[in-house]
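Taking it in order: structure first as structure tokens, then the write-up.
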Amino acid sequence: MSTGQVFIIFYSVFIILYFLAINLSYLGLVVISFFGIKKISLAEKIAERDLSFKSSFFKPLSIIIPAFNEEATIVETVRSTLSLRYPDFEVIVVSDGSTDQTMEVLKETFSLTPGFDNYRAELKTKKLNRIYRSAYYPNLVVIDKENGGKSDALNAGINISQYPLFCNIDSDSLVDTDALLKITDLFVKDWRVVAAGGTIRAANGALIKGGMVKAVRISKKFWVRFQIVEYLRAFLFGRAGWSSIGGLLILSGAFSVFRRKAVIIAGGYLTNTIGEDMELVLRLQRTMKKIRRPYKVQFLPDPVCWTQVPETYGGLKTQRRRWQRGLAESLFLNFEMFLNPQYGTVGMISYPFFLLFEFLGPVIEISGYLVLIYALAFGLLNWPFVLLFFSVAVLLGVLLSTAALLVEEIFYRSYPKLKDVLVLFVFAIMENFFYRQIHSWWRFLGLLDFIFKRGGWGTLSRQRFNND
Amino acid sequence: MDPFLTILIYSIYTSSAIILFFLVVIVFLRWKAAREEREYKLCEKEWEPLYIDYILGKSELDYVKSQFLKTNRYKFYRLFFTPYLKMLDGKDFEATKALCREISIIGHYRQKLLKRNLYDKATAAKMLGDFRCYQSIPERIRMLKSKNHLLILAAAQGLAVSNNPRAFRPVLKALLSNTYFTYEGATEILSRFGSEICPPITELLGEYSKGFVPAALNNPRKKNNAFRSLLPKAKPATVNHTLLVIILIDLLGHYRYAEALPVLNRLLAKADTETIVHILKAYLRIGKLPAEYDPGVYLKHEDWVIRNFAIQTTEMAPDKDLIPKLDQLLNDENWWVRYHAARALMAFGDAGHSLLILRADGSETESATIAAYVLASKEVS
């Protein structure tokens, strides 16, 4: 037997074991998340949202919207946020050194009046230029500050927030009317909850009126459809599963709620990382453990935040590279949690899972394709094995996506037309033949960005929401 | 064939079969939901005039009952009656409840309450609450001792909307002892009980105001027995007597129970910062102030939240002697205090208004900015 053959055999065994581990973990998560979501749906069924909304005792909330050159969407986002169904809240828009007309459109639309406000510099930020209040909406505050990045803007928003909970919503996102009531209910009913997040879905293609999603439709754009399937899978069985077993590592930066005091103790958002959302969740857990405060990080699949996902190859590639780099940074900045029994499920299960499968996944997958080419070149390929193995991999991928579609159908049924669900099923199959491979490549590039410390946020072109 | 390849082939068959099965289930669920929706709409169309006639006294209960019983689907009954049960009160509510009893919906949920299934039990506890079913109160109070958080929540919510003050103490105790509820969460549920809970709360606070001895918490022979019995023994660190007092004060404020003002004022005299805030908030909600209350002390308090609420109480009984103090607060270090001081001055009529105009043109930055802002907001509104 040649060295090449021995290498191929060993490599195949490794790949099979890795494949088994990752797919069994995913299938386990599917089962766990199903029961978790079932319990959540019961809690939702017995919840009295109308009474909570009318109550003057519900926890007040500060909503922080960081904005950098968002003139196209900012007014719609602020309007939609101001019309949310929530008993007592304030909206804090932080213009992070915008160079376009963001501040001007805000000033004009909401009749902003400058004034010194109740700013507590509990977290360090770049210099503030001015703080404004709206003459129309007493609960709207706008901060104009020097550019310091999203984390810096969020920290400035936390400093000025006056309520015990704060929520960050991206300026290109819209939140369902009852989303905040649902998510803060977790904090109200359990004082241990320090952070909670909801589901993100693609707003592209949906009908939006008055800053609200009026009709859920799937976009006709190829790249968006792949992302819809991806988001369903990631949220409905990924996060829901991890949350059910107390192993949540990440909450979406586009929509999550935090206990202000806990975040202040943890030191706020880190400004030198690109994965500030995940990093904060990890550091928050470390801090709570250090100060011996019981804590919980939770995910709710129902409160939905609609966001504009990238529609082009370039936009998606930039975003995924950034996400992978953010994941790597967050994991390594909190490496003390790795296999640390002190952190329970997070330290012993979810952190190793993320390190092994989410962080190293693209390396393994890319190496697999390289070995395949090598084996093909030297005639070492066992064709029946390769074809069957690839088929199993594809089918398991489709199975996971279909399971997410089924969970969506049983508990939420967000897409009113069966045709839309079937289209998503077709995309769940298609993604295995092209999207999955290219996605791994982007993630691999993201890892290289992390290793060579290159790349920033990149530029995302914002579009107005679909008001047709 | 290589056994490994055989495993792969079987994996392909199995996963394909599961995918197909899931797909069929999705299509079936969609079809079932559409059919149910159609059927319910038909029922709703038929039931609505019947029910309205019944509520208006134009149709007899027996007739309406026989019509409803043609479709024996509890899910549809629940969907149909829940909005009415939430909206109605008095005679109409009782008539609806009688109809529900006759078509055995209440009996159906009472049966479900006794089942072991978590889903059935929790839904039943909630529905029986909506029906204000007094007969099932003992079973639901027993549910408060459950180890399952969802069951406690369902029972507590159901009992609260049942409007029966008899369940107030068990619910309060269960929320404090058997759950991780925050004070806001507990107060929110308790605020659904109705104003009948105010006299016993005033009594409890009256007992507390006579002197509570925290060190004697675990000694049942010490005074404040009724009050102490509500405090959990297992979690003294997280739920203390101050928290319980705050919840009770907030409930009195919520129901605008003016009869409690003397007790609240007695508590105010020796209250800590947190309790003062809640008493002042209660005054604001009640809309009246005790005769002995003097805001002057609290306008100078070191805590800005207290200063803030004290300013708001001055709007309830504008006393011209307070204008200089409010004027001073226009330069307070806290924005909210400055804002409310300016707003309060507006409530003092011409004297306050002209002072604000004067300050808006003045040289002191803080008072000038806030006065200008409040005057501008007033113009906009």
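Following the order of the structure tokens, chains are lettered A, B, ..., residues in each are numbered from 1, and ligands are numbered from 1.
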
Taking only C-alpha atoms into account, which residues of chain B are within 7 Å of chain A, as a VMD selection string? chain B and resid 5 8 to 9 11 to 12 15 to 16 19 22 26 119 123 126 150 154 180 to 182 184 to 185 187 to 188 334 to 335 369 377 380

Quick one: write out the picked residues with N, CA, C and O atoms as an mmCIF file, in the first residue's frame?
```
data_model
loop_
_atom_site.group_PDB
_atom_site.id
_atom_site.type_symbol
_atom_site.label_atom_id
_atom_site.label_comp_id
_atom_site.auth_asym_id
_atom_site.auth_seq_id
_atom_site.Cartn_x
_atom_site.Cartn_y
_atom_site.Cartn_z
ATOM 1 N N LEU B 5 -20.434 0.503 2.635
ATOM 2 C CA LEU B 5 -21.262 1.036 1.538
ATOM 3 C C LEU B 5 -22.732 0.701 1.784
ATOM 4 O O LEU B 5 -23.629 1.497 1.498
ATOM 5 N N LEU B 8 -24.120 3.145 4.088
ATOM 6 C CA LEU B 8 -24.378 4.416 3.388
ATOM 7 C C LEU B 8 -25.665 4.336 2.578
ATOM 8 O O LEU B 8 -26.477 5.270 2.572
ATOM 9 N N ILE B 9 -25.849 3.209 1.898
ATOM 10 C CA ILE B 9 -27.070 3.055 1.079
ATOM 11 C C ILE B 9 -28.309 3.109 1.976
ATOM 12 O O ILE B 9 -29.289 3.803 1.679
ATOM 13 N N SER B 11 -28.509 4.539 4.813
ATOM 14 C CA SER B 11 -28.649 5.929 5.309
ATOM 15 C C SER B 11 -29.387 6.780 4.279
ATOM 16 O O SER B 11 -30.210 7.626 4.632
ATOM 17 N N ILE B 12 -29.049 6.540 3.001
ATOM 18 C CA ILE B 12 -29.721 7.304 1.933
ATOM 19 C C ILE B 12 -31.220 7.011 1.934
ATOM 20 O O ILE B 12 -32.049 7.921 1.905
ATOM 21 N N SER B 15 -32.807 8.578 5.231
ATOM 22 C CA SER B 15 -32.975 10.046 5.235
ATOM 23 C C SER B 15 -33.944 10.499 4.156
ATOM 24 O O SER B 15 -34.731 11.429 4.389
ATOM 25 N N SER B 16 -33.931 9.820 2.984
ATOM 26 C CA SER B 16 -34.900 10.203 1.933
ATOM 27 C C SER B 16 -36.320 9.991 2.435
ATOM 28 O O SER B 16 -37.204 10.837 2.219
ATOM 29 N N ILE B 19 -37.226 12.709 4.926
ATOM 30 C CA ILE B 19 -37.468 13.991 4.242
ATOM 31 C C ILE B 19 -38.851 13.992 3.596
ATOM 32 O O ILE B 19 -39.637 14.920 3.756
ATOM 33 N N PHE B 22 -41.506 14.258 6.232
ATOM 34 C CA PHE B 22 -41.628 15.641 6.720
ATOM 35 C C PHE B 22 -42.400 16.501 5.719
ATOM 36 O O PHE B 22 -43.256 17.301 6.094
ATOM 37 N N ILE B 26 -45.838 18.464 6.276
ATOM 38 C CA ILE B 26 -45.991 19.917 6.065
ATOM 39 C C ILE B 26 -47.240 20.182 5.206
ATOM 40 O O ILE B 26 -48.085 21.010 5.550
ATOM 41 N N TYR B 119 -49.547 20.292 29.190
ATOM 42 C CA TYR B 119 -50.197 21.153 28.214
ATOM 43 C C TYR B 119 -51.669 21.352 28.567
ATOM 44 O O TYR B 119 -52.175 22.472 28.601
ATOM 45 N N THR B 123 -53.330 24.912 30.009
ATOM 46 C CA THR B 123 -54.377 25.562 29.203
ATOM 47 C C THR B 123 -55.674 25.644 30.003
ATOM 48 O O THR B 123 -56.368 26.676 29.972
ATOM 49 N N LYS B 126 -55.653 28.368 32.607
ATOM 50 C CA LYS B 126 -55.819 29.692 32.000
ATOM 51 C C LYS B 126 -57.292 29.921 31.620
ATOM 52 O O LYS B 126 -57.869 30.967 31.923
ATOM 53 N N LEU B 150 -44.248 26.755 34.591
ATOM 54 C CA LEU B 150 -45.347 27.105 33.683
ATOM 55 C C LEU B 150 -46.716 26.867 34.326
ATOM 56 O O LEU B 150 -47.649 27.645 34.138
ATOM 57 N N ALA B 154 -49.518 29.607 34.956
ATOM 58 C CA ALA B 154 -50.881 29.474 34.420
ATOM 59 C C ALA B 154 -51.900 29.584 35.550
ATOM 60 O O ALA B 154 -52.914 30.285 35.418
ATOM 61 N N TYR B 180 -39.111 32.514 39.932
ATOM 62 C CA TYR B 180 -38.012 33.487 39.873
ATOM 63 C C TYR B 180 -38.539 34.841 39.403
ATOM 64 O O TYR B 180 -37.806 35.635 38.836
ATOM 65 N N PHE B 181 -39.810 35.085 39.613
ATOM 66 C CA PHE B 181 -40.421 36.323 39.145
ATOM 67 C C PHE B 181 -39.731 37.557 39.707
ATOM 68 O O PHE B 181 -39.329 37.589 40.858
ATOM 69 N N THR B 182 -39.636 38.585 38.873
ATOM 70 C CA THR B 182 -39.131 39.861 39.370
ATOM 71 C C THR B 182 -40.298 40.559 40.066
ATOM 72 O O THR B 182 -41.454 40.146 39.921
ATOM 73 N N GLU B 184 -41.596 43.333 39.276
ATOM 74 C CA GLU B 184 -42.529 43.855 38.266
ATOM 75 C C GLU B 184 -43.476 42.759 37.780
ATOM 76 O O GLU B 184 -44.671 42.988 37.606
ATOM 77 N N GLY B 185 -42.895 41.573 37.555
ATOM 78 C CA GLY B 185 -43.687 40.452 37.054
ATOM 79 C C GLY B 185 -44.758 40.058 38.053
ATOM 80 O O GLY B 185 -45.925 39.863 37.691
ATOM 81 N N THR B 187 -45.984 41.889 40.514
ATOM 82 C CA THR B 187 -46.967 42.967 40.689
ATOM 83 C C THR B 187 -47.936 42.995 39.508
ATOM 84 O O THR B 187 -49.133 43.219 39.683
ATOM 85 N N GLU B 188 -47.401 42.757 38.317
ATOM 86 C CA GLU B 188 -48.253 42.807 37.136
ATOM 87 C C GLU B 188 -49.372 41.762 37.225
ATOM 88 O O GLU B 188 -50.528 42.054 36.954
ATOM 89 N N ASN B 334 -29.307 66.490 37.317
ATOM 90 C CA ASN B 334 -29.964 65.451 36.522
ATOM 91 C C ASN B 334 -30.963 66.045 35.528
ATOM 92 O O ASN B 334 -31.784 66.894 35.890
ATOM 93 N N TRP B 335 -30.894 65.565 34.287
ATOM 94 C CA TRP B 335 -31.752 66.098 33.231
ATOM 95 C C TRP B 335 -33.225 65.909 33.543
ATOM 96 O O TRP B 335 -34.036 66.801 33.352
ATOM 97 N N THR B 369 -31.602 76.006 28.871
ATOM 98 C CA THR B 369 -31.856 74.935 27.880
ATOM 99 C C THR B 369 -33.157 74.209 28.199
ATOM 100 O O THR B 369 -33.990 74.003 27.314
ATOM 101 N N SER B 377 -41.775 72.332 23.552
ATOM 102 C CA SER B 377 -42.626 71.125 23.537
ATOM 103 C C SER B 377 -44.080 71.512 23.746
ATOM 104 O O SER B 377 -44.987 70.950 23.133
ATOM 105 N N VAL B 380 -45.457 72.803 20.546
ATOM 106 C CA VAL B 380 -45.706 71.726 19.584
ATOM 107 C C VAL B 380 -47.001 70.997 19.927
ATOM 108 O O VAL B 380 -47.836 70.717 19.078
#
```

Excluding same-chain residues fewer than 4 positions from Leu280 of chain B, what lies within 8 Å of it counting only C-alpha atoms, as a PyMOL selection string? chain B and resi 276+284+306+309-310+313

What's around Gly149 of chain A at 10 Å? Count only C-alpha atoms, leave out sequence neighbours fewer than 4 positions away in its own chain, and write the answer as a PDB file with C-alpha atoms, in the first residue's frame.
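Result file follows (part25.pdb):
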```
ATOM      1  CA  PRO A  66     -26.833  52.500  16.154  1.00  0.00           C
ATOM      2  CA  ALA A  67     -26.695  54.209  12.779  1.00  0.00           C
ATOM      3  CA  PHE A  68     -23.847  54.908  10.416  1.00  0.00           C
ATOM      4  CA  ASP A  96     -21.938  57.138  14.810  1.00  0.00           C
ATOM      5  CA  GLY A  97     -20.242  59.949  12.928  1.00  0.00           C
ATOM      6  CA  THR A 125     -16.835  55.977  24.189  1.00  0.00           C
ATOM      7  CA  LYS A 126     -15.662  58.399  21.534  1.00  0.00           C
ATOM      8  CA  ALA A 153     -22.266  53.588  19.402  1.00  0.00           C
ATOM      9  CA  LEU A 154     -24.038  50.920  21.432  1.00  0.00           C
ATOM     10  CA  THR A 271     -14.803  47.956  20.456  1.00  0.00           C
ATOM     11  CA  ASN A 272     -11.862  46.071  18.992  1.00  0.00           C
ATOM     12  CA  THR A 273     -13.786  43.029  17.811  1.00  0.00           C
ATOM     13  CA  ILE A 274     -16.038  42.542  14.867  1.00  0.00           C
ATOM     14  CA  TRP A 457     -16.867  45.908   8.608  1.00  0.00           C
TER      15      TRP A 457
END
```

Residues near Lys296 of chain A, cut-off 8 Å, only C-alpha atoms, skip fewer than 2 positions along chain, as an MDAnalysis selection string: chainID A and resid 192:195 246 294 298

Expected file contents, prior selection, N, CA and C atoms, as an mmCIF file, in the first residue's frame:
```cif
data_model
loop_
_atom_site.group_PDB
_atom_site.id
_atom_site.type_symbol
_atom_site.label_atom_id
_atom_site.label_comp_id
_atom_site.auth_asym_id
_atom_site.auth_seq_id
_atom_site.Cartn_x
_atom_site.Cartn_y
_atom_site.Cartn_z
ATOM 1 N N ARG A 192 -33.108 35.890 36.779
ATOM 2 C CA ARG A 192 -31.762 35.417 36.428
ATOM 3 C C ARG A 192 -31.392 35.729 34.981
ATOM 4 N N VAL A 193 -32.403 36.011 34.151
ATOM 5 C CA VAL A 193 -32.116 36.249 32.721
ATOM 6 C C VAL A 193 -31.341 37.566 32.559
ATOM 7 N N VAL A 194 -30.165 37.483 31.967
ATOM 8 C CA VAL A 194 -29.362 38.697 31.748
ATOM 9 C C VAL A 194 -29.346 39.109 30.273
ATOM 10 N N ALA A 195 -29.669 38.174 29.404
ATOM 11 C CA ALA A 195 -29.677 38.495 27.972
ATOM 12 C C ALA A 195 -30.647 37.563 27.254
ATOM 13 N N GLY A 246 -29.449 25.407 27.908
ATOM 14 C CA GLY A 246 -28.643 26.413 28.621
ATOM 15 C C GLY A 246 -27.241 26.563 28.067
ATOM 16 N N PRO A 294 -26.417 34.213 39.767
ATOM 17 C CA PRO A 294 -27.046 33.223 38.875
ATOM 18 C C PRO A 294 -27.495 33.916 37.593
ATOM 19 N N GLN A 298 -31.169 33.523 27.136
ATOM 20 C CA GLN A 298 -32.249 32.779 26.493
ATOM 21 C C GLN A 298 -32.564 33.252 25.079
#
```

Please return as JSON, numbers by chain: the residues of segment 39-250 of chain B that backbone DSSP assigns to helix (DSSP H, G or I). {"B": [39, 40, 41, 42, 43, 44, 45, 46, 47, 48, 49, 50, 51, 52, 53, 54, 55, 61, 62, 63, 64, 65, 66, 67, 68, 74, 75, 76, 77, 78, 79, 80, 81, 82, 83, 84, 85, 86, 87, 90, 91, 92, 93, 94, 95, 96, 97, 98, 99, 100, 101, 102, 105, 106, 107, 108, 109, 110, 111, 112, 113, 118, 119, 120, 121, 122, 123, 124, 125, 126, 127, 128, 129, 130, 137, 138, 139, 140, 141, 142, 143, 149, 150, 151, 152, 153, 154, 155, 156, 157, 158, 159, 160, 161, 165, 166, 167, 168, 169, 170, 171, 172, 173, 174, 175, 176, 177, 183, 184, 185, 186, 187, 188, 189, 190, 195, 196, 197, 198, 199, 200, 201, 202, 203, 204, 205, 206, 207, 208, 209, 214, 215, 216, 225, 226, 227, 228, 241, 242, 243, 244, 245, 246, 247, 248, 249, 250]}

Selected residues written out with C-alpha atoms, as a short mmCIF file (atom, residue, chain, number, x, y, z; two decimals), in the first residue's frame:
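Saved the output as result25.cif:
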```
data_model
loop_
_atom_site.label_atom_id
_atom_site.label_comp_id
_atom_site.auth_asym_id
_atom_site.auth_seq_id
_atom_site.Cartn_x
_atom_site.Cartn_y
_atom_site.Cartn_z
CA GLU B 39 -64.93 25.25 9.17
CA TYR B 40 -64.38 27.69 12.01
CA LYS B 41 -65.37 30.63 9.83
CA LEU B 42 -68.62 28.85 9.00
CA CYS B 43 -69.27 28.15 12.68
CA GLU B 44 -68.41 31.73 13.61
CA LYS B 45 -70.80 33.03 10.97
CA GLU B 46 -73.56 30.86 12.36
CA TRP B 47 -72.81 31.44 16.05
CA GLU B 48 -72.31 35.17 16.07
CA PRO B 49 -75.96 36.22 15.45
CA LEU B 50 -77.17 33.47 17.78
CA TYR B 51 -74.89 34.64 20.54
CA ILE B 52 -75.73 38.33 20.07
CA ASP B 53 -79.47 37.53 20.18
CA TYR B 54 -78.88 35.53 23.34
CA ILE B 55 -76.94 38.35 25.02
CA LEU B 61 -80.54 29.69 26.54
CA ASP B 62 -81.84 26.21 25.66
CA TYR B 63 -82.25 27.09 22.01
CA VAL B 64 -78.83 28.71 21.72
CA LYS B 65 -77.28 25.77 23.56
CA SER B 66 -78.83 23.26 21.15
CA GLN B 67 -77.48 25.23 18.19
CA PHE B 68 -73.97 25.42 19.61
CA TYR B 74 -63.99 22.64 22.08
CA LYS B 75 -61.20 24.28 20.13
CA PHE B 76 -63.77 26.27 18.16
CA TYR B 77 -65.69 27.13 21.33
CA ARG B 78 -62.47 28.42 22.89
CA LEU B 79 -61.62 30.50 19.83
CA PHE B 80 -65.12 31.94 19.72
CA PHE B 81 -65.70 32.75 23.38
CA THR B 82 -62.22 33.87 24.53
CA PRO B 83 -62.44 37.42 23.10
CA TYR B 84 -65.91 37.91 24.59
CA LEU B 85 -64.82 36.61 27.99
CA LYS B 86 -61.94 39.08 28.01
CA MET B 87 -64.06 42.03 26.90
CA GLY B 90 -71.27 42.15 34.59
CA LYS B 91 -74.54 40.74 33.27
CA ASP B 92 -73.22 39.98 29.78
CA PHE B 93 -70.23 38.13 31.17
CA GLU B 94 -72.46 36.06 33.46
CA ALA B 95 -74.78 35.23 30.55
CA THR B 96 -71.79 34.11 28.45
CA LYS B 97 -70.46 32.06 31.34
CA ALA B 98 -73.88 30.41 31.76
CA LEU B 99 -73.93 29.49 28.07
CA CYS B 100 -70.41 28.07 28.31
CA ARG B 101 -71.44 26.04 31.33
CA GLU B 102 -74.48 24.70 29.51
CA ILE B 105 -66.98 23.97 28.09
CA ILE B 106 -66.29 24.76 31.73
CA GLY B 107 -66.77 21.09 32.64
CA HIS B 108 -64.43 20.10 29.82
CA TYR B 109 -61.63 22.34 31.16
CA ARG B 110 -62.26 21.28 34.76
CA GLN B 111 -61.67 17.70 33.60
CA LYS B 112 -58.51 18.78 31.82
CA LEU B 113 -57.27 20.49 34.96
CA LEU B 118 -48.70 19.66 31.37
CA TYR B 119 -50.20 21.15 28.21
CA ASP B 120 -53.79 20.27 29.19
CA LYS B 121 -53.38 21.38 32.79
CA ALA B 122 -51.83 24.76 31.94
CA THR B 123 -54.38 25.56 29.20
CA ALA B 124 -57.23 24.54 31.49
CA ALA B 125 -55.96 26.73 34.35
CA LYS B 126 -55.82 29.69 32.00
CA MET B 127 -59.27 29.06 30.50
CA LEU B 128 -60.91 28.52 33.89
CA GLY B 129 -59.44 31.86 34.88
CA ASP B 130 -61.06 33.47 31.86
CA ILE B 137 -60.19 27.62 42.72
CA PRO B 138 -59.05 24.99 45.26
CA GLU B 139 -57.53 22.83 42.48
CA ARG B 140 -55.81 25.84 40.97
CA ILE B 141 -54.46 26.95 44.34
CA ARG B 142 -53.01 23.46 44.71
CA MET B 143 -51.32 23.94 41.32
CA HIS B 149 -42.86 27.05 36.56
CA LEU B 150 -45.35 27.11 33.68
CA LEU B 151 -48.07 25.47 35.76
CA ILE B 152 -47.56 27.97 38.58
CA LEU B 153 -47.72 30.80 36.08
CA ALA B 154 -50.88 29.47 34.42
CA ALA B 155 -52.55 28.94 37.80
CA ALA B 156 -51.47 32.34 39.14
CA GLN B 157 -52.66 34.18 36.04
CA GLY B 158 -55.92 32.26 35.97
CA LEU B 159 -56.56 32.92 39.65
CA ALA B 160 -55.75 36.60 39.27
CA VAL B 161 -58.22 37.15 36.44
CA PRO B 165 -59.53 37.99 46.62
CA ARG B 166 -59.43 34.66 48.47
CA ALA B 167 -56.67 33.58 46.10
CA PHE B 168 -54.57 36.73 46.53
CA ARG B 169 -52.36 35.58 49.38
CA PRO B 170 -51.61 32.10 47.95
CA VAL B 171 -50.74 33.63 44.57
CA LEU B 172 -48.52 36.30 46.12
CA LYS B 173 -46.75 33.72 48.25
CA ALA B 174 -46.32 31.31 45.34
CA LEU B 175 -44.88 34.00 43.08
CA LEU B 176 -42.39 35.05 45.72
CA SER B 177 -41.46 31.56 46.92
CA TYR B 183 -41.06 42.36 41.46
CA GLU B 184 -42.53 43.86 38.27
CA GLY B 185 -43.69 40.45 37.05
CA ALA B 186 -45.30 39.55 40.37
CA THR B 187 -46.97 42.97 40.69
CA GLU B 188 -48.25 42.81 37.14
CA ILE B 189 -50.04 39.50 37.75
CA LEU B 190 -51.33 40.60 41.15
CA SER B 195 -59.68 46.41 43.79
CA GLU B 196 -61.14 44.03 46.40
CA ILE B 197 -57.59 43.17 47.41
CA CYS B 198 -56.92 46.73 48.61
CA PRO B 199 -58.44 46.54 52.13
CA PRO B 200 -56.43 43.42 53.10
CA ILE B 201 -53.27 45.00 51.61
CA THR B 202 -53.83 48.19 53.62
CA GLU B 203 -54.28 46.04 56.70
CA LEU B 204 -51.02 44.21 56.01
CA LEU B 205 -49.13 47.44 55.46
CA GLY B 206 -50.72 48.92 58.55
CA GLU B 207 -49.39 46.01 60.54
CA TYR B 208 -45.98 46.44 58.94
CA SER B 209 -45.89 50.19 59.58
CA PRO B 214 -36.25 41.79 60.16
CA ALA B 215 -34.04 39.98 62.65
CA ALA B 216 -37.07 38.11 63.94
CA ASN B 225 -47.31 37.37 61.66
CA ALA B 226 -49.69 37.94 58.75
CA PHE B 227 -47.06 39.93 56.90
CA ARG B 228 -44.25 37.51 57.69
CA HIS B 241 -39.61 42.40 53.38
CA THR B 242 -38.83 45.62 51.47
CA LEU B 243 -39.66 43.91 48.18
CA LEU B 244 -42.96 42.67 49.55
CA VAL B 245 -43.79 46.15 50.88
CA ILE B 246 -43.01 47.68 47.49
CA ILE B 247 -45.28 45.22 45.69
CA LEU B 248 -48.12 45.99 48.08
CA ILE B 249 -47.62 49.78 47.79
CA ASP B 250 -47.60 49.56 44.00
#
```

Please report, as a ChimeraX atom specification, each residue of segment 188-309 of chain A to which DSSP assigns strand (DSSP E or B) when run on this structure's backbone. /A:193-202,207-209,212-215,255-259,296-307

State, in Å with one decimal place, the distance from atom CA of Arg266 of chain B to atom CA of Leu251 of chain B.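 Rounded to one decimal, the two atoms are 17.1 Å apart.
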